[in-house]
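A.B. asks: For reference, the file coords_4.pdb (PDB, C-alpha atoms) is included below:
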ATOM      1  CA  MET A  13     -27.410 163.442 100.206
ATOM      2  CA  TYR A  14     -25.811 160.152  99.072
ATOM      3  CA  THR A  15     -22.392 159.812  97.451
ATOM      4  CA  GLU A  16     -21.949 158.380  93.955
ATOM      5  CA  LYS A  17     -20.447 155.216  95.454
ATOM      6  CA  VAL A  18     -23.429 154.702  97.765
ATOM      7  CA  MET A  19     -25.803 155.117  94.818
ATOM      8  CA  ASP A  20     -23.732 152.750  92.668
ATOM      9  CA  HIS A  21     -23.706 150.011  95.340
ATOM     10  CA  PHE A  22     -27.429 150.511  95.919
ATOM     11  CA  GLN A  23     -28.362 150.418  92.235
ATOM     12  CA  HIS A  24     -25.798 147.731  91.290
ATOM     13  CA  PRO A  25     -25.138 145.741  94.473
ATOM     14  CA  ARG A  26     -22.275 143.257  94.385
ATOM     15  CA  ASN A  27     -22.427 139.728  95.812
ATOM     16  CA  VAL A  28     -26.202 139.480  96.267
ATOM     17  CA  GLY A  29     -27.583 136.043  97.063
ATOM     18  CA  GLU A  30     -26.998 133.031  99.265
ATOM     19  CA  ILE A  31     -24.248 130.443  99.555
ATOM     20  CA  GLU A  32     -25.519 126.911 100.055
ATOM     21  CA  ASN A  33     -23.688 125.082 102.840
ATOM     22  CA  ALA A  34     -21.929 128.323 103.779
ATOM     23  CA  SER A  35     -18.949 128.132 106.123
ATOM     24  CA  GLY A  36     -20.560 130.863 108.200
ATOM     25  CA  VAL A  37     -23.817 132.819 108.166
ATOM     26  CA  GLY A  38     -24.462 135.970 110.168
ATOM     27  CA  THR A  39     -27.805 137.687 110.580
ATOM     28  CA  VAL A  40     -28.260 140.994 112.377
ATOM     29  CA  GLY A  41     -31.003 143.550 112.521
ATOM     30  CA  ASN A  42     -31.931 146.927 113.832
ATOM     31  CA  ALA A  43     -35.285 146.919 115.608
ATOM     32  CA  LYS A  44     -35.538 150.724 115.350
ATOM     33  CA  CYS A  45     -35.438 150.957 111.564
ATOM     34  CA  GLY A  46     -36.411 147.406 110.592
ATOM     35  CA  ASP A  47     -33.267 146.641 108.553
ATOM     36  CA  ILE A  48     -32.138 143.009 108.501
ATOM     37  CA  MET A  49     -28.826 141.926 107.003
ATOM     38  CA  ARG A  50     -27.610 138.373 106.382
ATOM     39  CA  ILE A  51     -24.061 137.600 105.236
ATOM     40  CA  TYR A  52     -22.869 134.210 103.937
ATOM     41  CA  LEU A  53     -19.185 133.255 103.907
ATOM     42  CA  ASP A  54     -17.402 130.510 101.985
ATOM     43  CA  VAL A  55     -14.042 130.024 103.717
ATOM     44  CA  ASP A  56     -11.359 127.698 102.343
ATOM     45  CA  SER A  57      -8.989 125.429 104.302
ATOM     46  CA  ASP A  58      -6.423 128.265 104.529
ATOM     47  CA  GLN A  59      -9.051 130.483 106.226
ATOM     48  CA  ILE A  60      -9.388 132.719 103.162
ATOM     49  CA  ILE A  61     -12.852 134.026 102.297
ATOM     50  CA  ARG A  62     -13.322 132.600  98.807
ATOM     51  CA  ASP A  63     -16.831 133.907  98.349
ATOM     52  CA  VAL A  64     -19.277 136.094 100.208
ATOM     53  CA  LYS A  65     -22.929 136.878  99.530
ATOM     54  CA  PHE A  66     -25.579 138.948 101.250
ATOM     55  CA  LYS A  67     -29.307 139.397 101.519
ATOM     56  CA  THR A  68     -30.562 142.630 103.030
ATOM     57  CA  PHE A  69     -34.040 143.823 103.817
ATOM     58  CA  GLY A  70     -33.842 147.551 104.304
ATOM     59  CA  CYS A  71     -33.201 150.961 102.885
ATOM     60  CA  GLY A  72     -30.829 151.886 100.075
ATOM     61  CA  ALA A  73     -28.008 152.656 102.505
ATOM     62  CA  ALA A  74     -28.399 149.201 104.086
ATOM     63  CA  VAL A  75     -28.092 147.573 100.656
ATOM     64  CA  ALA A  76     -25.082 149.752  99.753
ATOM     65  CA  THR A  77     -23.250 149.053 103.021
ATOM     66  CA  SER A  78     -23.907 145.303 102.676
ATOM     67  CA  SER A  79     -22.548 145.363  99.143
ATOM     68  CA  MET A  80     -19.431 147.311 100.125
ATOM     69  CA  ALA A  81     -18.786 145.167 103.215
ATOM     70  CA  THR A  82     -18.797 142.009 101.068
ATOM     71  CA  GLU A  83     -16.333 143.629  98.680
ATOM     72  CA  LEU A  84     -14.046 144.539 101.590
ATOM     73  CA  VAL A  85     -13.806 140.960 102.931
ATOM     74  CA  LYS A  86     -13.764 138.940  99.709
ATOM     75  CA  GLY A  87     -10.360 137.318  99.229
ATOM     76  CA  LYS A  88      -9.195 138.304 102.719
ATOM     77  CA  SER A  89      -8.249 135.997 105.576
ATOM     78  CA  VAL A  90     -10.779 135.567 108.363
ATOM     79  CA  GLN A  91      -8.360 137.445 110.625
ATOM     80  CA  GLU A  92      -8.227 140.398 108.189
ATOM     81  CA  ALA A  93     -12.036 140.327 107.915
ATOM     82  CA  THR A  94     -12.390 140.844 111.680
ATOM     83  CA  LYS A  95     -10.769 144.247 111.201
ATOM     84  CA  VAL A  96     -13.489 145.509 108.826
ATOM     85  CA  THR A  97     -15.253 148.238 110.784
ATOM     86  CA  ASN A  98     -18.239 150.421 110.107
ATOM     87  CA  LYS A  99     -15.798 153.304 109.595
ATOM     88  CA  ALA A 100     -13.975 151.329 106.886
ATOM     89  CA  VAL A 101     -17.305 150.628 105.162
ATOM     90  CA  MET A 102     -18.302 154.304 105.341
ATOM     91  CA  GLU A 103     -14.895 155.472 104.046
ATOM     92  CA  ALA A 104     -15.066 153.015 101.157
ATOM     93  CA  LEU A 105     -18.455 154.491 100.245
ATOM     94  CA  ASP A 106     -17.128 158.078 100.557
ATOM     95  CA  GLY A 107     -19.398 158.680 103.538
ATOM     96  CA  LEU A 108     -22.979 158.259 104.689
ATOM     97  CA  PRO A 109     -25.507 160.786 105.984
ATOM     98  CA  PRO A 110     -25.487 160.824 109.825
ATOM     99  CA  VAL A 111     -28.955 159.234 110.010
ATOM    100  CA  LYS A 112     -27.648 156.252 107.986
ATOM    101  CA  VAL A 113     -24.466 155.506 109.963
ATOM    102  CA  HIS A 114     -26.329 152.642 111.693
ATOM    103  CA  CYS A 115     -26.381 150.823 108.340
ATOM    104  CA  SER A 116     -22.587 150.633 108.379
ATOM    105  CA  LEU A 117     -22.764 149.263 111.943
ATOM    106  CA  LEU A 118     -25.133 146.567 110.694
ATOM    107  CA  ALA A 119     -22.671 145.631 107.948
ATOM    108  CA  GLU A 120     -19.803 145.359 110.448
ATOM    109  CA  GLU A 121     -21.888 143.257 112.850
ATOM    110  CA  ALA A 122     -23.173 140.988 110.057
ATOM    111  CA  ILE A 123     -19.601 140.247 108.918
ATOM    112  CA  HIS A 124     -18.573 139.547 112.518
ATOM    113  CA  ALA A 125     -21.665 137.368 113.088
ATOM    114  CA  ALA A 126     -20.817 135.285 110.000
ATOM    115  CA  LEU A 127     -17.205 134.959 111.183
ATOM    116  CA  TRP A 128     -18.459 133.934 114.641
ATOM    117  CA  ASP A 129     -20.722 131.286 113.072
ATOM    118  CA  TYR A 130     -17.779 130.018 110.985
ATOM    119  CA  ALA A 131     -15.583 129.795 114.098
ATOM    120  CA  GLN A 132     -18.307 127.924 116.020
ATOM    121  CA  LYS A 133     -18.882 125.451 113.165
ATOM    122  CA  SER A 134     -15.120 124.935 112.721
ATOM    123  CA  GLY A 135     -14.352 124.622 116.415
ATOM    124  CA  ILE A 136     -11.788 127.429 116.265
ATOM    125  CA  GLU A 137     -11.265 130.743 117.974
ATOM    126  CA  ILE A 138     -10.636 133.857 115.907
ATOM    127  CA  GLU A 139      -8.417 136.272 117.801
ATOM    128  CA  GLY A 140     -10.162 139.525 118.700
ATOM    129  CA  LEU A 141     -13.624 138.324 117.628
ATOM    130  CA  GLU A 142     -16.367 138.688 120.220
ATOM    131  CA  GLN A 143     -19.819 137.146 120.146
ATOM    132  CA  PRO A 144     -21.951 139.481 118.030
ATOM    133  CA  LYS A 145     -25.280 141.052 118.923
ATOM    134  CA  SER A 146     -28.355 140.076 116.957
ATOM    135  CA  ASP A 147     -29.704 143.627 117.233
ATOM    136  CA  ILE A 148     -27.193 146.459 116.922
ATOM    137  CA  HIS A 149     -29.019 148.475 119.580
ATOM    138  CA  GLU A 150     -28.633 145.859 122.359
ATOM    139  CA  GLY A 151     -27.224 147.613 125.401
ATOM    140  CA  GLU A 152     -27.122 151.053 123.780
ATOM    141  CA  GLU A 153     -30.074 152.716 125.540
ATOM    142  CA  GLU A 154     -28.023 155.773 126.427
ATOM    143  CA  GLU A 155     -27.509 156.463 122.703
ATOM    144  CA  ASP A 156     -31.263 156.832 122.165
ATOM    145  CA  GLU A 157     -31.113 160.512 123.042
ATOM    146  CA  ALA A 158     -28.787 161.065 120.073
ATOM    147  CA  TYR A 159     -31.533 160.176 117.581
TER     148      TYR A 159
END
Would you kindly transcribe this structure into structure tokens?

C.D. replies:
Amino acid sequence: MYTEKVMDHFQHPRNVGEIENASGVGTVGNAKCGDIMRIYLDVDSDQIIRDVKFKTFGCGAAVATSSMATELVKGKSVQEATKVTNKAVMEALDGLPPVKVHCSLLAEEAIHAALWDYAQKSGIEIEGLEQPKSDIHEGEEEEDEAY
């Protein structure tokens, strides 16, 4: 059901924890499944993500996608980090079962929420970044039939 990479990131998650005085913090959840993901960014003066940590309350796939998402943005510029999508997270994990795809959406939104918070705190605009949703199912009622 789960790939080796998903199991590895679940059993040995990377970048777990908090960053005190983080440059940006993003928290998103999914009311349907109860997963909550929080991402902390430490961004340097050149807008490079020096460090990234996460705390996730949820299933194994939520932990694995959080772990992989932090790996994908660490060392990248904030602009590069905006391009991390749920598809990129899933590909990096060699796939997710269809019922767990929402976990990769949470990871994408949590990264974007942390970047949004960083931009707000820094008084800057990050090209292509839109204000994130706090719940990934906001405005997606028509998708309910797919579950």

A.B. asks: With the PyMOL selection byres ((chain A and resi 87-100) around 9) as the selection, what would be picked from this file? Answer as JSON, numbers by chain, please.

C.D. replies: {"A": [55, 58, 59, 60, 61, 62, 63, 77, 81, 83, 84, 85, 86, 101, 102, 103, 104, 105, 107, 113, 114, 115, 116, 117, 118, 119, 120, 121, 123, 124, 127, 138, 139, 140, 141]}

A.B. asks: Enter the distance from atom CA of Ala76 of chain A to atom CA of Phe22 of chain A, in Å, rounded to one decimal.

C.D. replies: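 Separating atom CA of Ala76 of chain A from atom CA of Phe22 of chain A is a distance of 4.6 Å.
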
A.B. asks: Looking at A:Thr39, A:Ala126, A:Met80, A:Tyr14, which one is nearest to Arg26 of chain A, with distances taken over only C-alpha atoms?

C.D. replies: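 The closest residue to Arg26 of chain A is A:Met80.
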
A.B. asks: Grab the atom CA of Ile148 of chain A to atom CA of Gly41 of chain A distance for me, in Å with one decimal place.

C.D. replies: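 Separation of atom CA of Ile148 of chain A and atom CA of Gly41 of chain A: 6.5 Å.
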
A.B. asks: Using only C-alpha atoms, which of A:Asn27, A:Ser134, A:Asn42, A:Asn33 sits nearest Phe66 of chain A?

C.D. replies: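 Smallest separation from Phe66 of chain A among the options: A:Asn27.
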
A.B. asks: Pick out the closest residue to Gly46 of chain A from this set: A:Gly135, A:Pro110, A:His21, A:Cys71. Count all atoms listed in the file.

C.D. replies: A:Cys71

A.B. asks: Atoms are missing here; could segment 34-45 of chain A be completed with all heavy atoms and written as a CSV table (one decimal), in the coordinates of the input?

C.D. replies:
chain,number,residue,atom,x,y,z
A,34,ALA,N,-22.9,127.3,103.5
A,34,ALA,CA,-21.9,128.3,103.8
A,34,ALA,C,-21.1,127.9,105.0
A,34,ALA,O,-21.6,127.2,105.9
A,34,ALA,CB,-22.6,129.6,104.1
A,35,SER,N,-19.8,128.4,105.0
A,35,SER,CA,-18.9,128.1,106.1
A,35,SER,C,-19.4,128.9,107.3
A,35,SER,O,-19.2,128.4,108.5
A,35,SER,CB,-17.5,128.6,105.8
A,35,SER,OG,-17.1,128.0,104.6
A,36,GLY,N,-20.0,130.1,107.1
A,36,GLY,CA,-20.6,130.9,108.2
A,36,GLY,C,-21.7,131.8,107.7
A,36,GLY,O,-21.6,132.2,106.6
A,37,VAL,N,-22.7,131.9,108.5
A,37,VAL,CA,-23.8,132.8,108.2
A,37,VAL,C,-24.1,133.7,109.4
A,37,VAL,O,-24.2,133.3,110.5
A,37,VAL,CB,-25.1,132.0,107.9
A,37,VAL,CG1,-26.2,133.0,107.5
A,37,VAL,CG2,-24.9,131.0,106.7
A,38,GLY,N,-24.2,135.0,109.1
A,38,GLY,CA,-24.5,136.0,110.2
A,38,GLY,C,-25.7,136.8,109.8
A,38,GLY,O,-25.8,137.3,108.7
A,39,THR,N,-26.6,136.9,110.8
A,39,THR,CA,-27.8,137.7,110.6
A,39,THR,C,-27.9,138.7,111.7
A,39,THR,O,-27.8,138.3,112.9
A,39,THR,CB,-29.1,136.8,110.6
A,39,THR,OG1,-28.9,135.8,109.6
A,39,THR,CG2,-30.3,137.6,110.3
A,40,VAL,N,-28.1,140.0,111.4
A,40,VAL,CA,-28.3,141.0,112.4
A,40,VAL,C,-29.4,141.9,111.9
A,40,VAL,O,-29.7,142.0,110.7
A,40,VAL,CB,-27.0,141.8,112.7
A,40,VAL,CG1,-25.9,141.0,113.3
A,40,VAL,CG2,-26.5,142.5,111.4
A,41,GLY,N,-29.9,142.6,112.9
A,41,GLY,CA,-31.0,143.6,112.5
A,41,GLY,C,-30.9,144.8,113.4
A,41,GLY,O,-30.1,144.9,114.3
A,42,ASN,N,-31.8,145.7,113.1
A,42,ASN,CA,-31.9,146.9,113.8
A,42,ASN,C,-33.4,147.1,114.1
A,42,ASN,O,-34.2,147.5,113.1
A,42,ASN,CB,-31.3,148.1,113.1
A,42,ASN,CG,-31.4,149.4,113.8
A,42,ASN,OD1,-32.3,149.6,114.6
A,42,ASN,ND2,-30.4,150.3,113.6
A,43,ALA,N,-33.9,146.9,115.3
A,43,ALA,CA,-35.3,146.9,115.6
A,43,ALA,C,-35.9,148.3,115.4
A,43,ALA,O,-37.0,148.5,115.0
A,43,ALA,CB,-35.5,146.5,117.1
A,44,LYS,N,-35.0,149.4,115.5
A,44,LYS,CA,-35.5,150.7,115.4
A,44,LYS,C,-35.9,151.0,113.9
A,44,LYS,O,-36.9,151.7,113.7
A,44,LYS,CB,-34.5,151.7,115.8
A,44,LYS,CG,-34.3,151.8,117.3
A,44,LYS,CD,-33.4,152.9,117.7
A,44,LYS,CE,-33.3,153.0,119.2
A,44,LYS,NZ,-32.4,154.0,119.6
A,45,CYS,N,-35.1,150.6,113.0
A,45,CYS,CA,-35.4,151.0,111.6
A,45,CYS,C,-36.0,149.8,110.8
A,45,CYS,O,-36.4,150.0,109.6
A,45,CYS,CB,-34.2,151.5,110.9
A,45,CYS,SG,-32.9,150.3,110.6
